[in-house]
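K.L.:
Right, I'll just put the structure down here and ask away after.
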Amino acid sequence: MTATLGAAAPPALQVTGLGKSFMGVAALSDVEFTLSTGTVLGLIGPNGSGKSTALDCVTGFVRPDSGQILLDGESIFGKAPHLIARAGLVRTFQTVKLYDQLTLDEHMSLSLRGLYKAGRSGASRRRSAERKRATSWLVEFGLEQLRSAPAGILSYGQKKLLALAAVLVTQPRIALLDEPLAGVNPRIIDLIRDAILQANTEGQTFLIIEHNVEFITSCCSEVVVLDAGKKLAAGPPSVIWDDPAVYEAFLGRKGDGHAG
Amino acid sequence: MTAALHVHEPEETNDVMSRKSSSPLHKWLGGRHLGPLLPTAAAIALVPAVVTNDYFIDVANLALTFMVLGTAFNLLYGYVGMLSFAQVAFVGIGGYASSWLVTHTDLWQPVAFLAGGGVAALVAAVVGAVTVRLSEGAFAIITLSFTLLCAVVAAEWTGVTGGRQGIFGLPAPSLSLGPVDLVADTPRSYYYLLAGFTVLALWAMQRLVRSSAGTVMIAIRDNEPLAKAQGYATNNYKLAVFSFCAFVTGLTGALHVFRLTTIDPSIFDFYLMQVMLIIVILGGAGTFWPVAYSAVLFAVLPEMLRMADEARLIVYGALLVLGLLFLPQGVGGFLRARAMNRQLRDMRGGRS
Ligand SMILES: Nc1ncnc2c1ncn2[C@@H]1O[C@H](COP(=O)(O)OP(=O)(O)O)[C@@H](O)[C@H]1O
Ligand SMILES: [Mg+2]
């Protein structure tokens, strides 16, 4: 029974033929990738290669021109962002987004309240478990003493930590992170990597856009490389770096100043 | 720490201390978030006992009207971040709808007033359905155009609005239920009517902003894409708040024009809009009570200074510019930042 079940289960996220152009300029064309439950998929490529646009298309923030997007076998193509979020695709943004005047606690509870499906059984027990999880992420990120402070006073690194914590605490079907390590110091890089690895060990599925080669190599089970809106290569990180086309795409544009 | 801290109302974080005295009634009214509502209601109730001159009672009537109008605009602009120039249109729509109903139908007066708010809310729902999804700037421009359109319609649709003369000789609001026979035909009796309405409206609006939906409203103002990414149907929230505020504003408009006993197209003038803007911006957009008190100030001040309309236009304009330059968060924002700075200092001090 388990064998047939395993074979029949559709991938967590399956994207095929994804296309998007802005005012006639193609930002994405015929992009495809598959994300299996419990894995970490890395989406890499030079700046402007369409990574963020792909994430925006998948999460409904940008309406794709063409393609198919299946979450657990069901199409979420063209749905509104808040519905896609409720369906389980929960994201961070490349430019960190927070509510400046709301406290850290309010961020965590807003995230939980908006994303958890209503009407589940055992509401009060669930809520106390959520509160515990929220606290433990804040403790892990060294933010618990600031929990009643407004997010506007946080440092850049703390803001990225809070944005990540607000996603992880909801234990979404898939967590999508747009450059979680960009612009933060090595200590916070370690915190974020450990958090992602820990959540993944507990079963969390990830799609992560990153430039940090060491992070990609150590955390991702699978990598998709975009270049100029097209899929250039895909495979395990160890194989990807040996691909001459990938090497050239990155080296050729090193001057653009992407981090890592 | 930066000097320009913009911080969410600090009293909400002290829930441990203020949890003690909570009867069921207290809880239903809004519990620990009741804040200055009761002292404010008491002060409003005391005014007729202290003020003997009917002229000043009429100024107080205007102050109550401004409190509700300013707070409703604050909910939109200060809490959800919607710069609605249609508020003055809803005052007019509520005023015209109730005036027409009272003068042309046999509808019971209290129902006609509520219908004034209802019509305003309905119109807001229609206008909002197309505009809340637009950018902040587009929303401001379309709501402004809508107000200008209302002024034209009011002047031209003579059959219903009475054209440029408007509708006049409106009867005083009255309520007779069996032996009870109340008529608001003097400034003083009108004050009791407005006072009751104002306290109720402030209570309802405060309940809203202190509820969990109120937190979502602030979230939408601070970062709408993030709110969407967290599963909130932000357009629905915006539409609901826009309609709710239109209801409150339309009802206030009805009470306003029956106090004046007349309505004409000048109700749509820029005057009321300017008053709401200055009340909210100088009071502190997104802070509840500072805005409510600032409304009182801007009702009383022009009367004290016996300002001519033209002078007021200029003085208010100058005040707005000065406020935006030196106190961009308004008085309320300044107080809130100071309270938060103190709290942060305590947090640091408490740790070491
Ligand atoms: N909203 C938009 N309007 C116009 N062009 C856009 C928009 N968003 C992205 N682009 C363009 O699409 C391309 C891909 O951008 P992006 O997805 O942000 O790249 P990446 O995240 O890989 O750095 C870029 O050329 C960018 O200028
Ligand atoms: Mg990007």
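Here, A, B, ... name the chains of the structure tokens in the order displayed, residue numbers run from 1 inside each chain, and ligands are numbered from 1 in the same displayed order.
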If you count only C-alpha atoms and all ligand atoms, which residues end up within 6 Å of ligand 1, as a list in words?

P.N.:
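Listing the residues within 6 Å of ligand 1 gives Phe22, Ala27, Asn47, Gly48, Ser49, Gly50, Lys51, Ser52 and Thr53 of chain A.
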
K.L.:
What would the file look like if the residues just selected were written as a PDB file, in the first residue's frame with N, CA, C and O atoms?

P.N.:
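Result file follows (part_36.pdb):
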```pdb
ATOM      1  N   PHE A  22       7.526  41.612 -19.548  1.00  0.00           N
ATOM      2  CA  PHE A  22       7.159  42.951 -19.117  1.00  0.00           C
ATOM      3  C   PHE A  22       7.310  43.891 -20.312  1.00  0.00           C
ATOM      4  O   PHE A  22       8.397  44.081 -20.807  1.00  0.00           O
ATOM      5  N   ALA A  27      10.849  38.224 -19.427  1.00  0.00           N
ATOM      6  CA  ALA A  27      11.590  38.044 -18.176  1.00  0.00           C
ATOM      7  C   ALA A  27      11.718  36.567 -17.856  1.00  0.00           C
ATOM      8  O   ALA A  27      12.663  36.135 -17.201  1.00  0.00           O
ATOM      9  N   ASN A  47      21.998  38.247 -11.575  1.00  0.00           N
ATOM     10  CA  ASN A  47      20.973  39.268 -11.351  1.00  0.00           C
ATOM     11  C   ASN A  47      20.192  39.542 -12.622  1.00  0.00           C
ATOM     12  O   ASN A  47      20.756  39.596 -13.705  1.00  0.00           O
ATOM     13  N   GLY A  48      18.893  39.709 -12.472  1.00  0.00           N
ATOM     14  CA  GLY A  48      18.050  40.005 -13.620  1.00  0.00           C
ATOM     15  C   GLY A  48      17.707  38.786 -14.447  1.00  0.00           C
ATOM     16  O   GLY A  48      17.109  38.907 -15.517  1.00  0.00           O
ATOM     17  N   SER A  49      18.029  37.581 -13.949  1.00  0.00           N
ATOM     18  CA  SER A  49      17.758  36.386 -14.744  1.00  0.00           C
ATOM     19  C   SER A  49      16.322  35.907 -14.572  1.00  0.00           C
ATOM     20  O   SER A  49      15.904  34.950 -15.217  1.00  0.00           O
ATOM     21  N   GLY A  50      15.555  36.548 -13.703  1.00  0.00           N
ATOM     22  CA  GLY A  50      14.145  36.222 -13.595  1.00  0.00           C
ATOM     23  C   GLY A  50      13.760  35.378 -12.393  1.00  0.00           C
ATOM     24  O   GLY A  50      12.627  34.909 -12.298  1.00  0.00           O
ATOM     25  N   LYS A  51      14.675  35.230 -11.440  1.00  0.00           N
ATOM     26  CA  LYS A  51      14.381  34.397 -10.270  1.00  0.00           C
ATOM     27  C   LYS A  51      13.218  34.954  -9.456  1.00  0.00           C
ATOM     28  O   LYS A  51      12.254  34.245  -9.153  1.00  0.00           O
ATOM     29  N   SER A  52      13.333  36.242  -9.126  1.00  0.00           N
ATOM     30  CA  SER A  52      12.257  36.842  -8.318  1.00  0.00           C
ATOM     31  C   SER A  52      10.946  36.862  -9.085  1.00  0.00           C
ATOM     32  O   SER A  52       9.876  36.671  -8.497  1.00  0.00           O
ATOM     33  N   THR A  53      11.031  37.101 -10.396  1.00  0.00           N
ATOM     34  CA  THR A  53       9.809  37.097 -11.198  1.00  0.00           C
ATOM     35  C   THR A  53       9.157  35.714 -11.168  1.00  0.00           C
ATOM     36  O   THR A  53       7.928  35.606 -11.067  1.00  0.00           O
TER      37      THR A  53
END
```

K.L.:
Could you name the residues that touch range 39-42 of chain A at 6 Å or less, counting only C-alpha atoms, but leaving out those on the same chain fewer than 4 positions away, as a list in words?

P.N.:
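Non-adjacent residues within range: Thr205, Phe206, Leu207, Ile208, Ile209, Cys220, Ser221, Glu222 and Val223 of chain A.
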
K.L.:
Next, dump the selected residues to file, keeping only N, CA, C and O atoms, as a PDB file, in the first residue's frame.

P.N.:
```
ATOM      1  N   THR A 205       9.415  21.862   3.494  1.00  0.00           N
ATOM      2  CA  THR A 205       9.833  21.936   2.098  1.00  0.00           C
ATOM      3  C   THR A 205      10.199  23.384   1.753  1.00  0.00           C
ATOM      4  O   THR A 205       9.491  24.305   2.153  1.00  0.00           O
ATOM      5  N   PHE A 206      11.290  23.574   1.004  1.00  0.00           N
ATOM      6  CA  PHE A 206      11.755  24.931   0.692  1.00  0.00           C
ATOM      7  C   PHE A 206      12.000  25.145  -0.797  1.00  0.00           C
ATOM      8  O   PHE A 206      12.468  24.234  -1.492  1.00  0.00           O
ATOM      9  N   LEU A 207      11.726  26.371  -1.242  1.00  0.00           N
ATOM     10  CA  LEU A 207      12.252  26.859  -2.518  1.00  0.00           C
ATOM     11  C   LEU A 207      13.027  28.121  -2.182  1.00  0.00           C
ATOM     12  O   LEU A 207      12.470  29.076  -1.638  1.00  0.00           O
ATOM     13  N   ILE A 208      14.339  28.132  -2.475  1.00  0.00           N
ATOM     14  CA  ILE A 208      15.177  29.241  -2.007  1.00  0.00           C
ATOM     15  C   ILE A 208      15.967  29.854  -3.155  1.00  0.00           C
ATOM     16  O   ILE A 208      16.653  29.143  -3.899  1.00  0.00           O
ATOM     17  N   ILE A 209      15.836  31.167  -3.293  1.00  0.00           N
ATOM     18  CA  ILE A 209      16.673  31.913  -4.223  1.00  0.00           C
ATOM     19  C   ILE A 209      17.878  32.396  -3.434  1.00  0.00           C
ATOM     20  O   ILE A 209      17.723  33.017  -2.379  1.00  0.00           O
ATOM     21  N   CYS A 220      20.956  22.690  -0.415  1.00  0.00           N
ATOM     22  CA  CYS A 220      19.995  22.317  -1.448  1.00  0.00           C
ATOM     23  C   CYS A 220      20.220  20.894  -1.925  1.00  0.00           C
ATOM     24  O   CYS A 220      21.355  20.461  -2.117  1.00  0.00           O
ATOM     25  N   SER A 221      19.113  20.189  -2.117  1.00  0.00           N
ATOM     26  CA  SER A 221      19.241  18.856  -2.675  1.00  0.00           C
ATOM     27  C   SER A 221      19.226  18.922  -4.200  1.00  0.00           C
ATOM     28  O   SER A 221      19.712  18.041  -4.884  1.00  0.00           O
ATOM     29  N   GLU A 222      18.690  20.020  -4.714  1.00  0.00           N
ATOM     30  CA  GLU A 222      18.481  20.158  -6.146  1.00  0.00           C
ATOM     31  C   GLU A 222      18.599  21.645  -6.474  1.00  0.00           C
ATOM     32  O   GLU A 222      18.197  22.492  -5.683  1.00  0.00           O
ATOM     33  N   VAL A 223      19.172  21.956  -7.638  1.00  0.00           N
ATOM     34  CA  VAL A 223      19.335  23.352  -8.013  1.00  0.00           C
ATOM     35  C   VAL A 223      18.828  23.568  -9.436  1.00  0.00           C
ATOM     36  O   VAL A 223      19.034  22.720 -10.309  1.00  0.00           O
TER      37      VAL A 223
END
```

K.L.:
Please return, as a ChimeraX atom specification, all residues of chain B lying within 6 Å of chain A when only C-alpha atoms are considered.

P.N.:
/B:7-8,219,222-223,228-233

K.L.:
Just the residues within 6 Å of range 280-282 of chain B, please, counting only C-alpha atoms, with nothing from its chain fewer than 5 positions along; format it as a list of chain:residue names.

P.N.:
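Those residues are B:Asn74, B:Val291, B:Gly330.
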
K.L.:
Between B:Gly94, B:Leu272, B:Thr215, B:Ala311, single out the one closest to Ala295 in chain B, counting only C-alpha atoms.

P.N.:
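Using only C-alpha atoms, Ala295 in chain B sits closest to B:Leu272.
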
K.L.:
Between B:Val275, B:Val331, B:Leu114, B:Ala337, which is the closest to Val315 in chain B once you count only C-alpha atoms?

P.N.:
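Smallest separation from Val315 in chain B among the options: B:Val275.
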
K.L.:
Which one of B:Ala292, B:Ala151, B:Val132, B:Ala115 sits closest to Trp100 in chain B if you count only C-alpha atoms?

P.N.:
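Closest residue, counting only C-alpha atoms: B:Ala115.
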
K.L.:
With only C-alpha atoms as the atoms that count, which of B:Phe85, B:Glu303, B:Leu134, B:His104 lies nearest to Tyr55 in chain B?

P.N.:
B:Glu303

K.L.:
Which polymer residues have any atom within 9 Å of an atom of Phe288 in chain B, counting only C-alpha atoms, with same-chain residues fewer than 6 positions away left out, as a count of residues only?

P.N.:
8

K.L.:
Any chance you could list, as a VMD selection string, the residues in range 116-226 of chain A that come up alpha helix (DSSP H) when DSSP is run on the backbone?

P.N.:
chain A and resid 123 to 140 156 to 168 186 to 201 213 to 219

K.L.:
Next, write the just-selected residues to a file, as a PDB file, in the first residue's frame, keeping C-alpha atoms as the atom set.

P.N.:
```
ATOM      1  CA  ALA A 123      -8.232  25.163  18.257  1.00  0.00           C
ATOM      2  CA  SER A 124      -7.077  26.083  21.754  1.00  0.00           C
ATOM      3  CA  ARG A 125      -4.460  23.336  21.959  1.00  0.00           C
ATOM      4  CA  ARG A 126      -3.265  24.318  18.507  1.00  0.00           C
ATOM      5  CA  ARG A 127      -3.042  27.946  19.493  1.00  0.00           C
ATOM      6  CA  SER A 128      -0.912  27.239  22.524  1.00  0.00           C
ATOM      7  CA  ALA A 129       1.380  25.080  20.382  1.00  0.00           C
ATOM      8  CA  GLU A 130       1.642  27.951  17.903  1.00  0.00           C
ATOM      9  CA  ARG A 131       2.495  30.412  20.636  1.00  0.00           C
ATOM     10  CA  LYS A 132       5.221  28.107  21.862  1.00  0.00           C
ATOM     11  CA  ARG A 133       6.628  27.754  18.359  1.00  0.00           C
ATOM     12  CA  ALA A 134       6.556  31.523  17.838  1.00  0.00           C
ATOM     13  CA  THR A 135       8.412  32.069  21.098  1.00  0.00           C
ATOM     14  CA  SER A 136      10.995  29.435  20.337  1.00  0.00           C
ATOM     15  CA  TRP A 137      11.802  30.978  16.944  1.00  0.00           C
ATOM     16  CA  LEU A 138      12.147  34.415  18.540  1.00  0.00           C
ATOM     17  CA  VAL A 139      14.426  32.913  21.200  1.00  0.00           C
ATOM     18  CA  GLU A 140      16.476  31.067  18.611  1.00  0.00           C
ATOM     19  CA  TYR A 156      18.550  44.949   8.874  1.00  0.00           C
ATOM     20  CA  GLY A 157      19.721  41.510   9.942  1.00  0.00           C
ATOM     21  CA  GLN A 158      17.090  41.307  12.688  1.00  0.00           C
ATOM     22  CA  LYS A 159      14.428  42.286  10.165  1.00  0.00           C
ATOM     23  CA  LYS A 160      15.423  39.426   7.890  1.00  0.00           C
ATOM     24  CA  LEU A 161      15.342  37.055  10.861  1.00  0.00           C
ATOM     25  CA  LEU A 162      11.855  38.213  11.858  1.00  0.00           C
ATOM     26  CA  ALA A 163      10.546  37.889   8.298  1.00  0.00           C
ATOM     27  CA  LEU A 164      11.917  34.337   8.173  1.00  0.00           C
ATOM     28  CA  ALA A 165      10.535  33.443  11.605  1.00  0.00           C
ATOM     29  CA  ALA A 166       7.065  34.679  10.576  1.00  0.00           C
ATOM     30  CA  VAL A 167       7.148  32.260   7.625  1.00  0.00           C
ATOM     31  CA  LEU A 168       8.630  29.253   9.443  1.00  0.00           C
ATOM     32  CA  PRO A 186      28.233  36.037   8.937  1.00  0.00           C
ATOM     33  CA  ARG A 187      26.755  35.456  12.395  1.00  0.00           C
ATOM     34  CA  ILE A 188      23.234  35.927  11.051  1.00  0.00           C
ATOM     35  CA  ILE A 189      24.037  33.838   7.964  1.00  0.00           C
ATOM     36  CA  ASP A 190      24.815  30.970  10.329  1.00  0.00           C
ATOM     37  CA  LEU A 191      21.578  31.527  12.275  1.00  0.00           C
ATOM     38  CA  ILE A 192      19.508  31.510   9.100  1.00  0.00           C
ATOM     39  CA  ARG A 193      21.225  28.461   7.629  1.00  0.00           C
ATOM     40  CA  ASP A 194      20.814  26.515  10.862  1.00  0.00           C
ATOM     41  CA  ALA A 195      17.133  27.484  11.046  1.00  0.00           C
ATOM     42  CA  ILE A 196      16.499  26.341   7.482  1.00  0.00           C
ATOM     43  CA  LEU A 197      18.332  23.072   8.017  1.00  0.00           C
ATOM     44  CA  GLN A 198      16.513  22.439  11.296  1.00  0.00           C
ATOM     45  CA  ALA A 199      13.107  23.143   9.759  1.00  0.00           C
ATOM     46  CA  ASN A 200      13.957  20.939   6.795  1.00  0.00           C
ATOM     47  CA  THR A 201      14.930  18.101   9.122  1.00  0.00           C
ATOM     48  CA  VAL A 213      27.483  29.239  -3.227  1.00  0.00           C
ATOM     49  CA  GLU A 214      28.463  27.622   0.047  1.00  0.00           C
ATOM     50  CA  PHE A 215      24.876  27.804   1.276  1.00  0.00           C
ATOM     51  CA  ILE A 216      23.482  26.380  -1.968  1.00  0.00           C
ATOM     52  CA  THR A 217      25.967  23.522  -1.908  1.00  0.00           C
ATOM     53  CA  SER A 218      25.358  22.599   1.711  1.00  0.00           C
ATOM     54  CA  CYS A 219      21.580  23.046   1.914  1.00  0.00           C
TER      55      CYS A 219
END
```

K.L.:
Hey, what's within 6 Å of range 250-263 of chain B if we count only C-alpha atoms and toss same-chain stuff fewer than 2 positions away? As a CSV table (one decimal) with all heavy atoms, in the first residue's frame, please?

P.N.:
```
chain,number,residue,atom,x,y,z
B,90,PHE,N,-19.6,61.9,1.4
B,90,PHE,CA,-20.5,61.0,2.2
B,90,PHE,C,-21.2,61.9,3.2
B,90,PHE,O,-22.4,61.6,3.6
B,90,PHE,CB,-19.7,59.9,2.9
B,90,PHE,CG,-19.1,59.0,1.9
B,90,PHE,CD1,-17.8,58.5,2.1
B,90,PHE,CD2,-19.7,58.6,0.8
B,90,PHE,CE1,-17.2,57.7,1.2
B,90,PHE,CE2,-19.1,57.7,-0.1
B,90,PHE,CZ,-17.9,57.3,0.1
B,91,VAL,N,-20.6,62.9,3.7
B,91,VAL,CA,-21.4,63.9,4.6
B,91,VAL,C,-22.6,64.4,3.8
B,91,VAL,O,-23.7,64.4,4.3
B,91,VAL,CB,-20.5,65.1,5.1
B,91,VAL,CG1,-21.3,66.1,5.8
B,91,VAL,CG2,-19.4,64.6,6.0
B,94,GLY,N,-25.2,61.6,2.9
B,94,GLY,CA,-26.0,61.3,4.1
B,94,GLY,C,-27.0,62.5,4.4
B,94,GLY,O,-28.2,62.2,4.8
B,95,GLY,N,-26.5,63.7,4.3
B,95,GLY,CA,-27.4,64.9,4.5
B,95,GLY,C,-28.5,64.9,3.5
B,95,GLY,O,-29.7,65.1,3.9
B,98,SER,N,-31.1,61.9,3.9
B,98,SER,CA,-32.0,62.0,5.1
B,98,SER,C,-33.0,63.2,4.9
B,98,SER,O,-34.1,63.1,5.2
B,98,SER,CB,-31.2,62.1,6.4
B,98,SER,OG,-30.3,63.2,6.3
B,113,PHE,N,-32.5,59.1,9.3
B,113,PHE,CA,-31.1,59.4,9.6
B,113,PHE,C,-30.3,58.2,9.3
B,113,PHE,O,-29.2,58.3,8.6
B,113,PHE,CB,-31.0,59.8,11.0
B,113,PHE,CG,-31.5,61.2,11.3
B,113,PHE,CD1,-32.3,61.9,10.4
B,113,PHE,CD2,-31.2,61.8,12.5
B,113,PHE,CE1,-32.7,63.1,10.6
B,113,PHE,CE2,-31.6,63.1,12.7
B,113,PHE,CZ,-32.4,63.8,11.8
B,116,GLY,N,-29.7,57.7,5.8
B,116,GLY,CA,-28.7,58.6,5.3
B,116,GLY,C,-27.3,57.9,5.3
B,116,GLY,O,-26.6,57.9,4.3
B,117,GLY,N,-27.0,57.3,6.5
B,117,GLY,CA,-25.7,56.6,6.6
B,117,GLY,C,-25.7,55.4,5.7
B,117,GLY,O,-24.7,55.1,5.1
B,120,ALA,N,-25.0,56.4,2.1
B,120,ALA,CA,-23.6,56.7,2.0
B,120,ALA,C,-22.7,55.4,1.9
B,120,ALA,O,-21.8,55.3,1.1
B,120,ALA,CB,-23.1,57.6,3.1
B,166,GLY,N,-31.1,74.3,-2.5
B,166,GLY,CA,-31.0,73.1,-1.6
B,166,GLY,C,-32.3,72.8,-1.0
B,166,GLY,O,-33.4,73.2,-1.5
B,167,ILE,N,-32.3,72.2,0.1
B,167,ILE,CA,-33.5,71.8,0.9
B,167,ILE,C,-33.4,72.6,2.2
B,167,ILE,O,-32.4,72.5,2.9
B,167,ILE,CB,-33.6,70.3,1.2
B,167,ILE,CG1,-33.5,69.5,-0.2
B,167,ILE,CG2,-34.9,70.0,1.9
B,167,ILE,CD1,-33.4,68.0,0.0
B,168,PHE,N,-34.5,73.4,2.5
B,168,PHE,CA,-34.4,74.1,3.8
B,168,PHE,C,-35.6,73.9,4.6
B,168,PHE,O,-36.6,73.2,4.2
B,168,PHE,CB,-34.1,75.6,3.5
B,168,PHE,CG,-34.9,76.1,2.3
B,168,PHE,CD1,-36.2,76.5,2.5
B,168,PHE,CD2,-34.3,76.2,1.1
B,168,PHE,CE1,-36.9,77.0,1.4
B,168,PHE,CE2,-35.0,76.7,0.0
B,168,PHE,CZ,-36.3,77.1,0.1
B,169,GLY,N,-35.6,74.5,5.8
B,169,GLY,CA,-36.7,74.3,6.8
B,169,GLY,C,-36.8,72.9,7.2
B,169,GLY,O,-37.9,72.4,7.5
B,170,LEU,N,-35.7,72.2,7.4
B,170,LEU,CA,-35.7,70.9,7.9
B,170,LEU,C,-36.3,70.8,9.3
B,170,LEU,O,-35.9,71.7,10.2
B,170,LEU,CB,-34.4,70.2,7.9
B,170,LEU,CG,-33.7,70.1,6.5
B,170,LEU,CD1,-32.3,69.6,6.6
B,170,LEU,CD2,-34.5,69.1,5.6
B,246,ALA,N,-18.0,55.3,5.8
B,246,ALA,CA,-19.0,56.1,5.0
B,246,ALA,C,-20.3,56.1,5.7
B,246,ALA,O,-21.0,57.1,5.8
B,246,ALA,CB,-19.2,55.5,3.6
B,247,PHE,N,-20.7,55.0,6.4
B,247,PHE,CA,-21.9,54.9,7.1
B,247,PHE,C,-21.9,55.9,8.3
B,247,PHE,O,-22.8,56.7,8.5
B,247,PHE,CB,-22.1,53.5,7.7
B,247,PHE,CG,-23.3,53.4,8.6
B,247,PHE,CD1,-24.6,53.4,8.0
B,247,PHE,CD2,-23.2,53.4,9.9
B,247,PHE,CE1,-25.7,53.3,8.8
B,247,PHE,CE2,-24.3,53.3,10.8
B,247,PHE,CZ,-25.6,53.3,10.2
B,248,VAL,N,-20.8,55.9,9.1
B,248,VAL,CA,-20.6,56.8,10.2
B,248,VAL,C,-20.6,58.2,9.7
B,248,VAL,O,-21.3,59.1,10.3
B,248,VAL,CB,-19.3,56.5,11.0
B,248,VAL,CG1,-19.1,57.5,12.1
B,248,VAL,CG2,-19.4,55.1,11.6
```
